[in-house]
$ cat start35.pdb   # PDB, C-alpha atoms, pLDDT in the B column
ATOM      1  CA  MET A 143      -3.202 -15.398 -27.978  1.00 97.00           C
ATOM      2  CA  LYS A 144      -6.855 -15.752 -28.960  1.00 98.00           C
ATOM      3  CA  LEU A 145      -9.363 -13.497 -27.194  1.00 98.00           C
ATOM      4  CA  LEU A 146     -13.125 -14.131 -27.271  1.00 98.00           C
ATOM      5  CA  TYR A 147     -15.916 -11.834 -26.079  1.00 98.00           C
ATOM      6  CA  PHE A 148     -19.526 -12.748 -25.385  1.00 98.00           C
ATOM      7  CA  ALA A 149     -22.912 -11.085 -24.760  1.00 97.00           C
ATOM      8  CA  TRP A 150     -22.832  -7.335 -23.956  1.00 96.00           C
ATOM      9  CA  LEU A 151     -19.053  -7.415 -23.565  1.00 97.00           C
ATOM     10  CA  ARG A 152     -18.777  -8.345 -27.226  1.00 97.00           C
ATOM     11  CA  ALA A 153     -21.123  -5.504 -28.167  1.00 95.00           C
ATOM     12  CA  ARG A 154     -19.110  -2.943 -26.152  1.00 95.00           C
ATOM     13  CA  VAL A 155     -15.706  -4.161 -27.303  1.00 96.00           C
ATOM     14  CA  GLY A 156     -16.978  -4.257 -30.876  1.00 95.00           C
ATOM     15  CA  CYS A 157     -15.710  -7.681 -31.938  1.00 96.00           C
ATOM     16  CA  ALA A 158     -16.379 -11.348 -31.130  1.00 97.00           C
ATOM     17  CA  GLU A 159     -12.778 -12.529 -31.270  1.00 97.00           C
ATOM     18  CA  GLU A 160      -9.282 -11.328 -32.063  1.00 97.00           C
ATOM     19  CA  GLU A 161      -5.694 -12.538 -32.114  1.00 97.00           C
ATOM     20  CA  ILE A 162      -3.260 -10.468 -30.081  1.00 96.00           C
ATOM     21  CA  GLU A 163       0.461 -10.613 -29.587  1.00 94.00           C
ATOM     22  CA  LEU A 164       0.984 -10.834 -25.858  1.00 92.00           C
ATOM     23  CA  SER A 165       3.120  -8.088 -24.369  1.00 91.00           C
ATOM     24  CA  PRO A 166       5.977  -9.557 -22.281  1.00 92.00           C
ATOM     25  CA  ALA A 167       4.817  -7.352 -19.414  1.00 93.00           C
ATOM     26  CA  VAL A 168       1.479  -9.210 -19.217  1.00 97.00           C
ATOM     27  CA  ARG A 169       1.777 -12.229 -16.928  1.00 96.00           C
ATOM     28  CA  ASP A 170      -1.700 -12.831 -15.549  1.00 97.00           C
ATOM     29  CA  VAL A 171      -5.388 -12.147 -16.146  1.00 98.00           C
ATOM     30  CA  ALA A 172      -5.260  -8.884 -14.181  1.00 97.00           C
ATOM     31  CA  GLY A 173      -2.383  -7.692 -16.359  1.00 97.00           C
ATOM     32  CA  LEU A 174      -4.211  -8.696 -19.523  1.00 98.00           C
ATOM     33  CA  LEU A 175      -7.349  -6.785 -18.491  1.00 97.00           C
ATOM     34  CA  ASP A 176      -5.217  -3.706 -17.625  1.00 96.00           C
ATOM     35  CA  TRP A 177      -3.548  -3.925 -21.026  1.00 97.00           C
ATOM     36  CA  LEU A 178      -6.922  -4.216 -22.799  1.00 97.00           C
ATOM     37  CA  ARG A 179      -8.317  -1.244 -20.840  1.00 96.00           C
ATOM     38  CA  SER A 180      -5.314   0.829 -21.905  1.00 95.00           C
ATOM     39  CA  ARG A 181      -6.521   0.477 -25.506  1.00 94.00           C
ATOM     40  CA  GLY A 182      -9.355   2.818 -24.467  1.00 91.00           C
ATOM     41  CA  GLY A 183     -12.713   3.168 -26.235  1.00 90.00           C
ATOM     42  CA  GLY A 184     -15.025   0.175 -25.942  1.00 94.00           C
ATOM     43  CA  TYR A 185     -12.409  -1.851 -24.036  1.00 97.00           C
ATOM     44  CA  ALA A 186     -12.104   0.710 -21.236  1.00 96.00           C
ATOM     45  CA  GLU A 187     -15.880   0.945 -20.977  1.00 95.00           C
ATOM     46  CA  ALA A 188     -16.536  -2.819 -21.139  1.00 96.00           C
ATOM     47  CA  LEU A 189     -13.900  -3.655 -18.503  1.00 97.00           C
ATOM     48  CA  ARG A 190     -14.518  -0.749 -16.118  1.00 94.00           C
ATOM     49  CA  ASP A 191     -16.428  -2.791 -13.514  1.00 94.00           C
ATOM     50  CA  LEU A 192     -14.729  -6.160 -12.983  1.00 94.00           C
ATOM     51  CA  SER A 193     -17.464  -7.316 -10.577  1.00 93.00           C
ATOM     52  CA  ILE A 194     -19.596  -8.054 -13.674  1.00 93.00           C
ATOM     53  CA  VAL A 195     -16.803  -9.564 -15.760  1.00 96.00           C
ATOM     54  CA  ARG A 196     -15.882 -13.268 -15.835  1.00 97.00           C
ATOM     55  CA  VAL A 197     -12.768 -14.732 -17.438  1.00 98.00           C
ATOM     56  CA  ALA A 198     -12.095 -18.255 -18.712  1.00 98.00           C
ATOM     57  CA  VAL A 199      -8.668 -19.500 -19.815  1.00 98.00           C
ATOM     58  CA  ASN A 200      -8.758 -22.582 -22.035  1.00 98.00           C
ATOM     59  CA  HIS A 201     -12.428 -23.245 -21.110  1.00 98.00           C
ATOM     60  CA  ASP A 202     -12.041 -23.002 -17.306  1.00 97.00           C
ATOM     61  CA  TYR A 203     -13.106 -20.140 -15.034  1.00 97.00           C
ATOM     62  CA  VAL A 204     -10.107 -18.384 -13.512  1.00 97.00           C
ATOM     63  CA  GLY A 205      -9.359 -15.535 -11.126  1.00 97.00           C
ATOM     64  CA  LEU A 206      -7.391 -12.348 -11.761  1.00 96.00           C
ATOM     65  CA  GLU A 207      -4.172 -13.922 -10.516  1.00 97.00           C
ATOM     66  CA  HIS A 208      -4.267 -16.798 -13.013  1.00 98.00           C
ATOM     67  CA  PRO A 209      -1.229 -16.782 -15.357  1.00 98.00           C
ATOM     68  CA  VAL A 210      -1.688 -16.267 -19.098  1.00 98.00           C
ATOM     69  CA  GLN A 211       0.697 -17.153 -21.878  1.00 96.00           C
ATOM     70  CA  GLU A 212       1.002 -17.189 -25.648  1.00 95.00           C
ATOM     71  CA  GLY A 213      -1.242 -19.893 -27.119  1.00 96.00           C
ATOM     72  CA  ASP A 214      -3.971 -19.564 -24.482  1.00 97.00           C
ATOM     73  CA  GLU A 215      -7.605 -19.062 -25.453  1.00 98.00           C
ATOM     74  CA  VAL A 216      -8.967 -16.365 -23.152  1.00 98.00           C
ATOM     75  CA  ALA A 217     -12.704 -15.618 -23.051  1.00 98.00           C
ATOM     76  CA  ILE A 218     -14.123 -12.511 -21.382  1.00 98.00           C
ATOM     77  CA  PHE A 219     -17.858 -12.317 -20.659  1.00 98.00           C
ATOM     78  CA  PRO A 220     -20.574 -11.232 -18.207  1.00 97.00           C
ATOM     79  CA  PRO A 221     -21.985 -13.550 -15.493  1.00 96.00           C
ATOM     80  CA  VAL A 222     -23.877 -16.365 -17.192  1.00 96.00           C
ATOM     81  CA  THR A 223     -27.684 -16.430 -17.546  1.00 95.00           C
ATOM     82  CA  GLY A 224     -28.581 -19.812 -19.052  1.00 95.00           C
ATOM     83  CA  GLY A 225     -30.996 -22.482 -17.934  1.00 93.00           C
TER      84      GLY A 225
ATOM     85  CA  MET B  92     -25.415 -37.475 -21.580  1.00 96.00           C
ATOM     86  CA  ILE B  93     -24.941 -33.899 -22.744  1.00 97.00           C
ATOM     87  CA  ARG B  94     -26.438 -32.189 -25.793  1.00 98.00           C
ATOM     88  CA  VAL B  95     -26.253 -28.562 -26.921  1.00 98.00           C
ATOM     89  CA  GLN B  96     -28.524 -27.921 -29.870  1.00 98.00           C
ATOM     90  CA  ARG B  97     -30.563 -25.351 -31.741  1.00 98.00           C
ATOM     91  CA  GLU B  98     -33.576 -27.596 -32.372  1.00 98.00           C
ATOM     92  CA  ASP B  99     -36.355 -28.545 -29.935  1.00 98.00           C
ATOM     93  CA  PHE B 100     -36.442 -31.894 -28.122  1.00 98.00           C
ATOM     94  CA  ASP B 101     -39.198 -34.428 -27.356  1.00 98.00           C
ATOM     95  CA  VAL B 102     -39.385 -34.678 -23.563  1.00 98.00           C
ATOM     96  CA  GLY B 103     -41.265 -37.983 -23.512  1.00 98.00           C
ATOM     97  CA  ALA B 104     -38.909 -39.652 -25.951  1.00 98.00           C
ATOM     98  CA  GLU B 105     -35.823 -38.362 -24.126  1.00 98.00           C
ATOM     99  CA  LEU B 106     -36.990 -39.588 -20.711  1.00 98.00           C
ATOM    100  CA  GLU B 107     -38.036 -42.944 -22.121  1.00 97.00           C
ATOM    101  CA  ARG B 108     -34.624 -43.387 -23.751  1.00 97.00           C
ATOM    102  CA  LEU B 109     -32.862 -42.488 -20.481  1.00 97.00           C
ATOM    103  CA  ALA B 110     -34.358 -45.445 -18.622  1.00 95.00           C
ATOM    104  CA  ALA B 111     -34.799 -47.847 -21.549  1.00 95.00           C
ATOM    105  CA  GLY B 112     -33.493 -51.352 -20.939  1.00 95.00           C
ATOM    106  CA  ASN B 113     -32.251 -50.666 -17.395  1.00 96.00           C
ATOM    107  CA  HIS B 114     -34.634 -52.241 -14.883  1.00 96.00           C
ATOM    108  CA  ARG B 115     -32.533 -51.187 -11.885  1.00 96.00           C
ATOM    109  CA  ILE B 116     -33.959 -47.699 -12.377  1.00 97.00           C
ATOM    110  CA  GLY B 117     -36.885 -47.071 -10.046  1.00 97.00           C
ATOM    111  CA  GLY B 118     -37.389 -43.378 -10.754  1.00 97.00           C
ATOM    112  CA  VAL B 119     -36.616 -40.636 -13.236  1.00 98.00           C
ATOM    113  CA  ALA B 120     -36.765 -36.994 -12.106  1.00 98.00           C
ATOM    114  CA  SER B 121     -36.768 -34.192 -14.656  1.00 98.00           C
ATOM    115  CA  PHE B 122     -36.835 -30.404 -14.938  1.00 98.00           C
ATOM    116  CA  ILE B 123     -37.846 -28.453 -18.049  1.00 98.00           C
ATOM    117  CA  GLY B 124     -36.980 -24.759 -18.374  1.00 97.00           C
ATOM    118  CA  LEU B 125     -39.253 -22.613 -20.589  1.00 96.00           C
ATOM    119  CA  VAL B 126     -39.083 -19.104 -22.030  1.00 94.00           C
ATOM    120  CA  ARG B 127     -41.247 -16.910 -19.779  1.00 87.00           C
ATOM    121  CA  ASP B 128     -43.242 -14.104 -21.362  1.00 79.00           C
ATOM    122  CA  MET B 129     -42.669 -11.764 -18.391  1.00 66.00           C
ATOM    123  CA  GLY B 130     -39.065 -10.820 -17.812  1.00 55.00           C
ATOM    124  CA  GLY B 131     -39.854  -7.971 -15.424  1.00 61.00           C
ATOM    125  CA  ARG B 132     -42.126  -5.035 -16.149  1.00 66.00           C
ATOM    126  CA  GLU B 133     -42.206  -5.353 -19.926  1.00 68.00           C
ATOM    127  CA  ARG B 134     -43.444  -8.202 -22.040  1.00 80.00           C
ATOM    128  CA  VAL B 135     -40.806 -10.497 -23.454  1.00 82.00           C
ATOM    129  CA  SER B 136     -41.875 -11.961 -26.776  1.00 86.00           C
ATOM    130  CA  ALA B 137     -38.710 -13.902 -27.500  1.00 93.00           C
ATOM    131  CA  LEU B 138     -35.083 -14.297 -26.507  1.00 94.00           C
ATOM    132  CA  THR B 139     -31.836 -15.338 -28.108  1.00 97.00           C
ATOM    133  CA  LEU B 140     -29.510 -17.681 -26.273  1.00 98.00           C
ATOM    134  CA  GLU B 141     -25.827 -17.348 -27.012  1.00 98.00           C
ATOM    135  CA  HIS B 142     -23.186 -19.760 -25.721  1.00 98.00           C
ATOM    136  CA  TYR B 143     -19.464 -20.466 -25.813  1.00 98.00           C
ATOM    137  CA  PRO B 144     -19.022 -23.600 -27.961  1.00 98.00           C
ATOM    138  CA  GLY B 145     -16.387 -25.852 -26.471  1.00 97.00           C
ATOM    139  CA  MET B 146     -16.557 -24.473 -22.948  1.00 98.00           C
ATOM    140  CA  THR B 147     -20.315 -25.142 -22.769  1.00 98.00           C
ATOM    141  CA  GLU B 148     -19.863 -28.846 -23.467  1.00 98.00           C
ATOM    142  CA  LYS B 149     -16.929 -29.035 -21.043  1.00 98.00           C
ATOM    143  CA  LYS B 150     -18.850 -27.386 -18.176  1.00 98.00           C
ATOM    144  CA  LEU B 151     -22.007 -29.450 -18.747  1.00 98.00           C
ATOM    145  CA  GLY B 152     -19.874 -32.601 -18.765  1.00 98.00           C
ATOM    146  CA  GLU B 153     -18.275 -31.601 -15.461  1.00 97.00           C
ATOM    147  CA  ILE B 154     -21.705 -30.929 -13.911  1.00 97.00           C
ATOM    148  CA  GLU B 155     -22.936 -34.350 -15.042  1.00 98.00           C
ATOM    149  CA  THR B 156     -19.803 -36.046 -13.682  1.00 98.00           C
ATOM    150  CA  GLU B 157     -20.215 -34.275 -10.337  1.00 97.00           C
ATOM    151  CA  ALA B 158     -23.852 -35.457 -10.087  1.00 98.00           C
ATOM    152  CA  HIS B 159     -22.716 -39.049 -10.678  1.00 98.00           C
ATOM    153  CA  ARG B 160     -20.030 -38.618  -8.002  1.00 97.00           C
ATOM    154  CA  ARG B 161     -22.537 -37.379  -5.412  1.00 97.00           C
ATOM    155  CA  TRP B 162     -25.495 -39.716  -6.004  1.00 98.00           C
ATOM    156  CA  PRO B 163     -25.962 -43.337  -7.123  1.00 97.00           C
ATOM    157  CA  LEU B 164     -27.367 -42.525 -10.569  1.00 98.00           C
ATOM    158  CA  ASP B 165     -27.888 -44.921 -13.436  1.00 98.00           C
ATOM    159  CA  ALA B 166     -28.187 -42.088 -15.946  1.00 98.00           C
ATOM    160  CA  ALA B 167     -28.209 -38.313 -16.188  1.00 98.00           C
ATOM    161  CA  LEU B 168     -29.210 -36.055 -19.058  1.00 98.00           C
ATOM    162  CA  ILE B 169     -28.696 -32.384 -19.896  1.00 98.00           C
ATOM    163  CA  ILE B 170     -30.078 -30.906 -23.135  1.00 98.00           C
ATOM    164  CA  HIS B 171     -29.698 -27.131 -23.577  1.00 98.00           C
ATOM    165  CA  ARG B 172     -30.835 -25.147 -26.619  1.00 98.00           C
ATOM    166  CA  TYR B 173     -29.348 -22.004 -28.148  1.00 98.00           C
ATOM    167  CA  GLY B 174     -30.509 -19.533 -30.798  1.00 98.00           C
ATOM    168  CA  ARG B 175     -33.791 -17.607 -30.956  1.00 98.00           C
ATOM    169  CA  LEU B 176     -36.638 -18.966 -28.818  1.00 97.00           C
ATOM    170  CA  GLU B 177     -40.167 -17.648 -28.350  1.00 95.00           C
ATOM    171  CA  ALA B 178     -42.290 -17.425 -25.203  1.00 92.00           C
ATOM    172  CA  GLY B 179     -43.365 -20.913 -24.164  1.00 93.00           C
ATOM    173  CA  ASP B 180     -40.521 -22.651 -25.993  1.00 97.00           C
ATOM    174  CA  ARG B 181     -38.414 -25.223 -24.167  1.00 98.00           C
ATOM    175  CA  ILE B 182     -34.884 -24.074 -23.255  1.00 98.00           C
ATOM    176  CA  VAL B 183     -33.436 -26.862 -21.178  1.00 98.00           C
ATOM    177  CA  LEU B 184     -34.132 -30.404 -19.998  1.00 98.00           C
ATOM    178  CA  VAL B 185     -32.261 -32.034 -17.142  1.00 98.00           C
ATOM    179  CA  ALA B 186     -33.054 -35.491 -15.812  1.00 98.00           C
ATOM    180  CA  ALA B 187     -31.613 -38.034 -13.423  1.00 98.00           C
ATOM    181  CA  ALA B 188     -32.428 -41.730 -13.104  1.00 98.00           C
ATOM    182  CA  SER B 189     -31.729 -43.831 -10.023  1.00 98.00           C
ATOM    183  CA  PRO B 190     -33.008 -46.917  -8.216  1.00 97.00           C
ATOM    184  CA  HIS B 191     -34.643 -44.600  -5.637  1.00 95.00           C
ATOM    185  CA  ARG B 192     -36.464 -41.280  -5.828  1.00 96.00           C
ATOM    186  CA  GLU B 193     -34.352 -39.373  -3.276  1.00 97.00           C
ATOM    187  CA  ALA B 194     -31.207 -39.519  -5.395  1.00 98.00           C
ATOM    188  CA  ALA B 195     -33.062 -38.833  -8.639  1.00 98.00           C
ATOM    189  CA  LEU B 196     -34.893 -35.778  -7.263  1.00 98.00           C
ATOM    190  CA  ALA B 197     -31.838 -34.305  -5.509  1.00 98.00           C
ATOM    191  CA  ALA B 198     -29.552 -34.851  -8.488  1.00 98.00           C
ATOM    192  CA  CYS B 199     -32.092 -33.250 -10.823  1.00 98.00           C
ATOM    193  CA  GLN B 200     -32.188 -30.058  -8.739  1.00 97.00           C
ATOM    194  CA  PHE B 201     -28.408 -30.099  -8.425  1.00 97.00           C
ATOM    195  CA  LEU B 202     -28.007 -30.344 -12.219  1.00 98.00           C
ATOM    196  CA  ILE B 203     -30.173 -27.305 -12.942  1.00 97.00           C
ATOM    197  CA  ASP B 204     -28.770 -25.243 -10.040  1.00 96.00           C
ATOM    198  CA  TRP B 205     -25.156 -25.773 -11.128  1.00 96.00           C
ATOM    199  CA  LEU B 206     -25.968 -25.316 -14.790  1.00 97.00           C
ATOM    200  CA  LYS B 207     -27.474 -21.897 -13.997  1.00 95.00           C
ATOM    201  CA  THR B 208     -24.228 -20.561 -12.536  1.00 94.00           C
ATOM    202  CA  ASP B 209     -21.547 -22.512 -14.442  1.00 96.00           C
ATOM    203  CA  ALA B 210     -22.643 -23.140 -18.027  1.00 97.00           C
ATOM    204  CA  PRO B 211     -21.622 -20.265 -20.345  1.00 98.00           C
ATOM    205  CA  PHE B 212     -24.987 -19.234 -21.807  1.00 98.00           C
ATOM    206  CA  TRP B 213     -26.355 -15.684 -22.083  1.00 97.00           C
ATOM    207  CA  LYS B 214     -29.931 -14.588 -22.744  1.00 96.00           C
ATOM    208  CA  ARG B 215     -30.893 -11.512 -24.748  1.00 96.00           C
ATOM    209  CA  GLU B 216     -34.578 -10.626 -24.449  1.00 92.00           C
ATOM    210  CA  GLU B 217     -36.731  -8.933 -27.055  1.00 90.00           C
ATOM    211  CA  THR B 218     -39.173  -6.406 -25.552  1.00 85.00           C
ATOM    212  CA  PRO B 219     -41.340  -3.664 -27.077  1.00 85.00           C
ATOM    213  CA  GLU B 220     -38.721  -1.161 -25.814  1.00 84.00           C
ATOM    214  CA  GLY B 221     -35.909  -2.996 -27.603  1.00 88.00           C
ATOM    215  CA  ASP B 222     -33.476  -5.805 -26.856  1.00 91.00           C
ATOM    216  CA  ARG B 223     -31.667  -6.191 -23.552  1.00 91.00           C
ATOM    217  CA  TRP B 224     -29.208  -8.658 -22.035  1.00 94.00           C
ATOM    218  CA  VAL B 225     -30.591 -10.533 -19.036  1.00 91.00           C
ATOM    219  CA  GLU B 226     -28.662  -9.914 -15.809  1.00 89.00           C
ATOM    220  CA  SER B 227     -27.572 -12.778 -13.590  1.00 85.00           C
ATOM    221  CA  ARG B 228     -29.621 -13.350 -10.442  1.00 83.00           C
ATOM    222  CA  ALA B 229     -28.164 -13.446  -6.939  1.00 81.00           C
ATOM    223  CA  GLU B 230     -30.701 -16.181  -6.078  1.00 83.00           C
ATOM    224  CA  ASP B 231     -28.997 -18.513  -8.565  1.00 84.00           C
ATOM    225  CA  LYS B 232     -25.704 -18.212  -6.696  1.00 82.00           C
ATOM    226  CA  VAL B 233     -27.458 -18.910  -3.410  1.00 83.00           C
ATOM    227  CA  ALA B 234     -29.101 -21.986  -4.961  1.00 84.00           C
ATOM    228  CA  LYS B 235     -25.727 -23.297  -6.076  1.00 83.00           C
ATOM    229  CA  ARG B 236     -24.106 -22.567  -2.710  1.00 83.00           C
ATOM    230  CA  ARG B 237     -26.599 -24.897  -1.032  1.00 82.00           C
ATOM    231  CA  TRP B 238     -24.949 -27.798  -2.873  1.00 82.00           C
ATOM    232  CA  THR B 239     -21.428 -26.552  -2.270  1.00 75.00           C
ATOM    233  CA  ALA B 240     -21.945 -26.207   1.474  1.00 60.00           C
ATOM    234  CA  HIS B 241     -23.518 -29.614   2.034  1.00 47.00           C
ATOM    235  CA  PRO B 242     -21.977 -32.155  -0.331  1.00 42.00           C
ATOM    236  CA  GLU B 243     -23.662 -35.541   0.024  1.00 39.00           C
TER     237      GLU B 243
END

$ encode --input "start35.pdb" --output "structure tokens"
Amino acid sequence: MKLLYFAWLRARVGCAEEEIELSPAVRDVAGLLDWLRSRGGGYAEALRDLSIVRVAVNHDYVGLEHPVQEGDEVAIFPPVTGG
Amino acid sequence: MIRVQREDFDVGAELERLAAGNHRIGGVASFIGLVRDMGGRERVSALTLEHYPGMTEKKLGEIETEAHRRWPLDAALIIHRYGRLEAGDRIVLVAAASPHREAALAACQFLIDWLKTDAPFWKREETPEGDRWVESRAEDKVAKRRWTAHPE
């Protein structure tokens, strides 16, 4: 699975993108975020407050209950500020 | 039409092209977003716009399609820049063309309101105290909700 990070989330996590092997225990976005937080360090800090975290799976916004699977592109970023 | 680009755009030329050759169009409404030099208490001399290539184009395309679904438009345009921009620089141009002004004006506001909350762009401002990421504004969500609550 490909993970992408943007804006201050990228800075806190410390990388723009990474390939991960999905743990069989991870079934949805909430599970993925829990798994990332368990890595500690910048991940735990970046994902502490989910009210300022948005997630897109394959270029569409999704909620915490949305399923994830191997082959997905998952992007994690703050609320957008364009325009 | 959707464009995501680093370089500046010529507003006059873009608006002219939008209506060129289509004499059904009676009005073109447009909005231009600029880099403000006051981002709060401190001066903002420049900002860098980051985006999510792929998702940006998809979301802008969906916003354009939704505008066409809601209003009788002959053409719609969204151009959004990324990269480093200085105070006064153009960031975004949205425009809508229709036989009548009501649809053009409403669609133009709709395009910029939805873009603000849905298109994956992030601004990082440069200030004398250092760089900082711009936070999203609650007012932008309220502006979008207006269109969600009362679809035409």

$ resolve_selection --input "start35.pdb" --expression "the PyMOL selection byres ((chain A) within 12 of (chain B))" --output "PDB file with C-alpha atoms, in the frame of the given file"
ATOM      1  CA  LEU A 146     -13.125 -14.131 -27.271  1.00 98.00           C
ATOM      2  CA  TYR A 147     -15.916 -11.834 -26.079  1.00 98.00           C
ATOM      3  CA  PHE A 148     -19.526 -12.748 -25.385  1.00 98.00           C
ATOM      4  CA  ALA A 149     -22.912 -11.085 -24.760  1.00 97.00           C
ATOM      5  CA  TRP A 150     -22.832  -7.335 -23.956  1.00 96.00           C
ATOM      6  CA  LEU A 151     -19.053  -7.415 -23.565  1.00 97.00           C
ATOM      7  CA  ARG A 152     -18.777  -8.345 -27.226  1.00 97.00           C
ATOM      8  CA  ALA A 153     -21.123  -5.504 -28.167  1.00 95.00           C
ATOM      9  CA  ALA A 158     -16.379 -11.348 -31.130  1.00 97.00           C
ATOM     10  CA  GLU A 159     -12.778 -12.529 -31.270  1.00 97.00           C
ATOM     11  CA  SER A 193     -17.464  -7.316 -10.577  1.00 93.00           C
ATOM     12  CA  ILE A 194     -19.596  -8.054 -13.674  1.00 93.00           C
ATOM     13  CA  VAL A 195     -16.803  -9.564 -15.760  1.00 96.00           C
ATOM     14  CA  ARG A 196     -15.882 -13.268 -15.835  1.00 97.00           C
ATOM     15  CA  VAL A 197     -12.768 -14.732 -17.438  1.00 98.00           C
ATOM     16  CA  ALA A 198     -12.095 -18.255 -18.712  1.00 98.00           C
ATOM     17  CA  VAL A 199      -8.668 -19.500 -19.815  1.00 98.00           C
ATOM     18  CA  ASN A 200      -8.758 -22.582 -22.035  1.00 98.00           C
ATOM     19  CA  HIS A 201     -12.428 -23.245 -21.110  1.00 98.00           C
ATOM     20  CA  ASP A 202     -12.041 -23.002 -17.306  1.00 97.00           C
ATOM     21  CA  TYR A 203     -13.106 -20.140 -15.034  1.00 97.00           C
ATOM     22  CA  GLU A 215      -7.605 -19.062 -25.453  1.00 98.00           C
ATOM     23  CA  VAL A 216      -8.967 -16.365 -23.152  1.00 98.00           C
ATOM     24  CA  ALA A 217     -12.704 -15.618 -23.051  1.00 98.00           C
ATOM     25  CA  ILE A 218     -14.123 -12.511 -21.382  1.00 98.00           C
ATOM     26  CA  PHE A 219     -17.858 -12.317 -20.659  1.00 98.00           C
ATOM     27  CA  PRO A 220     -20.574 -11.232 -18.207  1.00 97.00           C
ATOM     28  CA  PRO A 221     -21.985 -13.550 -15.493  1.00 96.00           C
ATOM     29  CA  VAL A 222     -23.877 -16.365 -17.192  1.00 96.00           C
ATOM     30  CA  THR A 223     -27.684 -16.430 -17.546  1.00 95.00           C
ATOM     31  CA  GLY A 224     -28.581 -19.812 -19.052  1.00 95.00           C
ATOM     32  CA  GLY A 225     -30.996 -22.482 -17.934  1.00 93.00           C
TER      33      GLY A 225
END

$ closest_residue --input "start35.pdb" --among "B:Ala187, B:Glu157, B:Gln200, B:Thr239" --to "Glu107 of chain B" --atoms "all atoms listed in the file"
B:Ala187

$ resolve_selection --input "start35.pdb" --expression "the PyMOL selection byres ((chain A and resi 207) around 9)" --output "PyMOL selection string"
chain A and resi 169-173+204-206+208-209

$ residues_near_point --input "start35.pdb" --point "(-23.7, -37.7, -4.2)" --cutoff "10 Å" --atoms "all atoms listed in the file" --output "PyMOL selection string"
chain B and resi 157-164+194+197-198+201+242-243

$ atom_distance --input "start35.pdb" --atom1 "atom CA of Ile93 of chain B" --atom2 "atom CA of Ala120 of chain B"
16.2 Å

$ residues_near_point --input "start35.pdb" --point "(-32.1, -51.2, -13.4)" --cutoff "12 Å" --atoms "all atoms listed in the file" --output "PyMOL selection string"
chain B and resi 109-119+163-166+188-191

$ atom_distance --input "start35.pdb" --atom1 "atom CA of Glu216 of chain B" --atom2 "atom CA of Leu145 of chain A"
25.5 Å

$ residues_around --input "start35.pdb" --residues "Glu217 of chain B" --least-positions-apart "5" --cutoff "10 Å" --atoms "all atoms listed in the file" --output "ChimeraX atom specification"
/B:130,133-139,175,177,222-224

$ atom_distance --input "start35.pdb" --atom1 "atom CA of Gly156 of chain A" --atom2 "atom CA of Gly183 of chain A"
9.7 Å

$ residues_around --input "start35.pdb" --residues "Gly213 of chain A" --least-positions-apart "5" --cutoff "10 Å" --atoms "all atoms listed in the file" --output "list in words"
Met143, Lys144, Glu161, Glu163, Leu164 and Asn200 of chain A

$ closest_residue --input "start35.pdb" --among "A:Glu187, A:Leu192, A:Trp177, A:Gly182" --to "Ser165 of chain A" --atoms "only C-alpha atoms"
A:Trp177

$ decode --input "start35.pdb" --residues "segment 95-106 of chain B" --atoms "N, CA and C atoms" --output "compact mmCIF listing (two decimals), in the first residue's frame"
# COMPACT_ATOMS: atom_id res chain seq x y z
N VAL B 95 -4.15 23.07 -13.67
CA VAL B 95 -3.34 23.22 -12.46
C VAL B 95 -1.93 23.49 -12.95
N GLN B 96 -1.38 24.65 -12.60
CA GLN B 96 -0.12 25.04 -13.22
C GLN B 96 0.71 25.91 -12.30
N ARG B 97 2.02 25.91 -12.55
CA ARG B 97 2.93 26.74 -11.77
C ARG B 97 2.92 28.18 -12.29
N GLU B 98 2.80 28.34 -13.59
CA GLU B 98 2.96 29.67 -14.20
C GLU B 98 1.69 30.52 -14.05
N ASP B 99 1.86 31.82 -14.22
CA ASP B 99 0.75 32.79 -14.15
C ASP B 99 -0.16 32.60 -15.36
N PHE B 100 -1.33 33.26 -15.30
CA PHE B 100 -2.27 33.20 -16.42
C PHE B 100 -2.71 34.62 -16.77
N ASP B 101 -3.18 34.79 -18.01
CA ASP B 101 -3.65 36.09 -18.51
C ASP B 101 -5.17 36.10 -18.41
N VAL B 102 -5.69 36.85 -17.44
CA VAL B 102 -7.13 36.82 -17.15
C VAL B 102 -7.95 37.19 -18.38
N GLY B 103 -7.56 38.29 -19.03
CA GLY B 103 -8.31 38.75 -20.20
C GLY B 103 -8.37 37.70 -21.29
N ALA B 104 -7.22 37.11 -21.57
CA ALA B 104 -7.16 36.10 -22.64
C ALA B 104 -7.98 34.87 -22.28
N GLU B 105 -7.93 34.48 -21.00
CA GLU B 105 -8.67 33.28 -20.57
C GLU B 105 -10.18 33.51 -20.69
N LEU B 106 -10.65 34.68 -20.26
CA LEU B 106 -12.09 34.95 -20.29
C LEU B 106 -12.58 35.10 -21.74
